[in-house]
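Shown next, in structure tokens, is the structure this report addresses.
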Amino acid sequence: MGPYSILIGLSLAIILSYLFDLAARATRIPSVLMLLATGIALRQTADYFDVAVRVPQLMLELFGIIGLIMIVLEGALDLELRREKAPLIRRSFVAALLILVVQAGAIAWLLHLYVGASFQSCLINAVPLAVISSAIAIPSVANLGGEKQEFIVYESTFSDILGIMLFNFAVQDNFAQGVSVVTFARDVMAVLVVAVLSTAALAFLLDRIRLHVKFFLIIAFLVLVYSLSKKLHLSSLIVVLVFGLVVNNAKLFLQGPLARWFRPERLSEELHQLKSITAESAFLIRTFFFLLFGFSITIGNVLNGGLLLQGVLIVAVLTLIRFFYLRYVARTDLVPELFIAPKGLISVLLFYSIPQEHLIGEISENILFVVILLTGVMMMVGLMLAPKTPQLGEY
């Protein structure tokens, strides 16, 4: 395949993804489902014409990691912190934490009973199935508006971060010992320190650098800090979240002596362009990740009665726990909050990060795809049931 053929394919993929976004606004069918379906169709076409194309797992992981960073940053740059929003932030954090822990524990317990593996291995395999994907949730609720949209953005972002923290906690060798709690607490403190220092450095660069290409320099620095933190087994998404929140709420965080160093009014001037570049980059990475993930799935392996039944049971357990929390604990609306808990990019990344000794045959890439597909369909139903709020600048 020549370079021009590749360029034609890449260009068509981006144009198609843009059209899917427009269709999603009109039909409320998540564009991610359309991208996955397109990837599957391309795989079927390639198999039909006996064209062997292999998607390396490393490529999927790279797209997934960068996409996750950009999508969380995009969400954080849209969040305004005000005193009156404190209850909403607290409520979304508690929801993300409690639902994640209970869902992961329930799935792990069921796996333990079903396959007889150690509870640690079962928990490690259960976390990717329980965590909410902000990569799907955040762009899908753009039309909701108001507190419902903000709740889902906060909850999905917190779920990503807490899911990674729970996963890192579960894979520790001393998981069953009390020392693992101490290690976990130490890692949380370490990543908070890294987040504060890196945010200060990034904000300083954003204010001082006068070059036109500085935004991708900032993003490269952010990816570097994220990757180094990840190598140290820290929950590095906190770094991305803190940077986005500080830049978008510079006047709140940068007061007194800090205002002289970082000049929040200058950061506010740069904010619009940073948001635009982040949104465009997130769109681009998300397009290729979900196309490639759909292409990597063999549809014959998915269309299996036992596999589909397992996927339905897992989604049913997850939904039942979410329903119980929203209805009887939080006492909040069920539409669309009950339905918008999609699995996706973060689930795939965590699944690929499971150590070899903790892999369970019953939890495969195929069952993960089924769960992603079913939760995506549920989200589509929730968006269709929810009242639409027109957004400024909607196209």
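Residues are referred to by chain and number: the chain letter is A, B, ... according to the order shown in the structure tokens, the number counts from 1 in that chain, and ligands are numbered separately from 1 in the order shown.
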* Asked: stretch 10-26 of chain A: which residues within 12 Å, counting only C-alpha atoms, same-chain residues fewer than 2 positions away excluded, as a VMD selection string?
  -> chain A and resid 3 to 8 28 to 39 42 139 to 144 280 to 281 283 to 292 380 383 to 384 388 to 391 394 to 395
* **Long-range neighbours of A:Leu345 as a list in words, 7 Å cut-off, only C-alpha atoms, 5 positions minimum in chain** =>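 The residues satisfying every condition are Gly64, Ser133 and Ala135 of chain A.
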Would you write out those residues with N, CA and C atoms, as a PDB file, in the first residue's frame?
ATOM      1  N   GLY A  64      -4.611   5.047  22.792  1.00  0.00           N
ATOM      2  CA  GLY A  64      -5.466   5.093  23.975  1.00  0.00           C
ATOM      3  C   GLY A  64      -4.919   6.008  25.059  1.00  0.00           C
ATOM      4  N   SER A 133     -15.835   5.276  31.256  1.00  0.00           N
ATOM      5  CA  SER A 133     -14.921   5.873  30.286  1.00  0.00           C
ATOM      6  C   SER A 133     -15.287   7.325  30.019  1.00  0.00           C
ATOM      7  N   ALA A 135     -13.707   9.105  28.028  1.00  0.00           N
ATOM      8  CA  ALA A 135     -13.482   9.291  26.593  1.00  0.00           C
ATOM      9  C   ALA A 135     -14.775   9.178  25.802  1.00  0.00           C
TER      10      ALA A 135
END
* Extract the full set of alpha helix (DSSP H) residues from stretch 196-350 of chain A according to DSSP on the backbone, and format it as a ChimeraX atom specification. => /A:196-208,214-231,237-248,250-253,257-262,264-296,299-302,305-324,345-350
* **Interatomic distance (Å, one decimal) between atom CA of A:Ile238 and atom CA of A:Leu192** =>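 Distance between the two atoms: 7.3 Å.
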* Considering only C-alpha atoms, return as a PyMOL selection string whatever protein or nucleic-acid residues lie within 9 Å of A:Glu365, sequence-local ones (same chain, fewer than 2 positions apart) excluded. => chain A and resi 297+348+351-352+363+367-370
For the residues selected in the previous step, produce a file with C-alpha atoms as a tab-separated table (two decimals), in the first residue's frame.
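The resulting out_25.tsv:
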chain	number	residue	atom	x	y	z
A	297	ILE	CA	-12.29	-7.48	16.85
A	348	VAL	CA	-9.14	-1.30	27.17
A	351	PHE	CA	-7.18	-4.63	30.42
A	352	TYR	CA	-3.94	-4.48	28.42
A	363	ILE	CA	-12.35	-12.17	30.81
A	367	ILE	CA	-16.06	-10.00	26.52
A	368	LEU	CA	-14.64	-6.52	27.02
A	369	PHE	CA	-15.92	-5.53	23.57
A	370	VAL	CA	-19.39	-6.93	24.35
* Asked: Between atom CA of A:Gln255 and atom CA of A:Val225, what is the spacing in Å?
  ->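 These two atoms are separated by 25.1 Å.
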* What separation in Å, quoted to one decimal, exists between atom CA of A:Pro128 and atom CA of A:Asn304? ->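 Those two atoms sit 21.4 Å apart.
Proximity to A:Glu155 was assessed for A:Val196, A:Leu320, A:Leu97, A:Ala106 counting only C-alpha atoms; the smallest distance is recorded for A:Leu97.
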* Would you kindly return, as a ChimeraX atom specification, each protein, DNA or RNA residue with an atom no farther than 8 Å from any atom of stretch 87-90 of chain A, considering only C-alpha atoms and excluding same-chain residues fewer than 5 positions away? => /A:147,151,154
* To do: Excluding stretch 331-333 of chain A and any residue of its chain fewer than 4 positions from it, enumerate the residues within 12 Å of it, using only C-alpha atoms, and give them as a PyMOL selection string.
  => chain A and resi 88+91-92+95+147-148+151+322-327+337-339+382+386
Preceding selection exported with N, CA and C atoms as a short mmCIF file (atom, residue, chain, number, x, y, z; two decimals), in the first residue's frame:
data_model
loop_
_atom_site.label_atom_id
_atom_site.label_comp_id
_atom_site.auth_asym_id
_atom_site.auth_seq_id
_atom_site.Cartn_x
_atom_site.Cartn_y
_atom_site.Cartn_z
N LEU A 88 -22.05 19.75 44.06
CA LEU A 88 -22.07 18.93 42.85
C LEU A 88 -20.77 18.14 42.72
N ARG A 91 -20.74 15.43 45.34
CA ARG A 91 -21.69 14.37 45.02
C ARG A 91 -21.18 13.47 43.89
N SER A 92 -20.57 14.07 42.88
CA SER A 92 -20.06 13.27 41.77
C SER A 92 -18.86 12.43 42.19
N ALA A 95 -20.21 9.51 44.25
CA ALA A 95 -20.87 8.56 43.34
C ALA A 95 -19.83 7.73 42.59
N GLU A 147 -26.57 21.07 35.06
CA GLU A 147 -25.97 20.27 36.12
C GLU A 147 -25.82 18.81 35.74
N LYS A 148 -26.73 18.29 34.92
CA LYS A 148 -26.64 16.90 34.50
C LYS A 148 -25.35 16.66 33.72
N PHE A 151 -22.37 16.90 36.14
CA PHE A 151 -22.28 15.72 37.00
C PHE A 151 -21.61 14.56 36.26
N ARG A 322 -25.70 0.50 40.10
CA ARG A 322 -25.83 1.94 39.82
C ARG A 322 -27.25 2.43 40.12
N PHE A 323 -28.24 1.63 39.76
CA PHE A 323 -29.63 1.99 40.03
C PHE A 323 -29.87 2.11 41.53
N PHE A 324 -29.38 1.16 42.31
CA PHE A 324 -29.58 1.17 43.75
C PHE A 324 -28.95 2.42 44.37
N TYR A 325 -27.73 2.78 43.90
CA TYR A 325 -27.07 3.95 44.47
C TYR A 325 -27.84 5.24 44.12
N LEU A 326 -28.17 5.41 42.85
CA LEU A 326 -28.85 6.65 42.43
C LEU A 326 -30.24 6.77 43.04
N ARG A 327 -30.94 5.66 43.15
CA ARG A 327 -32.34 5.69 43.60
C ARG A 327 -32.45 5.78 45.12
N GLU A 337 -28.82 9.72 34.06
CA GLU A 337 -27.66 9.32 34.85
C GLU A 337 -27.48 7.81 34.95
N LEU A 338 -28.59 7.07 35.07
CA LEU A 338 -28.50 5.61 35.20
C LEU A 338 -27.87 4.99 33.97
N PHE A 339 -28.17 5.54 32.81
CA PHE A 339 -27.78 4.91 31.55
C PHE A 339 -26.38 5.32 31.08
N GLY A 382 -30.31 6.30 27.07
CA GLY A 382 -30.39 7.38 28.06
C GLY A 382 -30.39 8.75 27.42
N ALA A 386 -33.36 11.65 27.54
CA ALA A 386 -33.07 12.91 28.23
C ALA A 386 -33.53 14.11 27.39
#
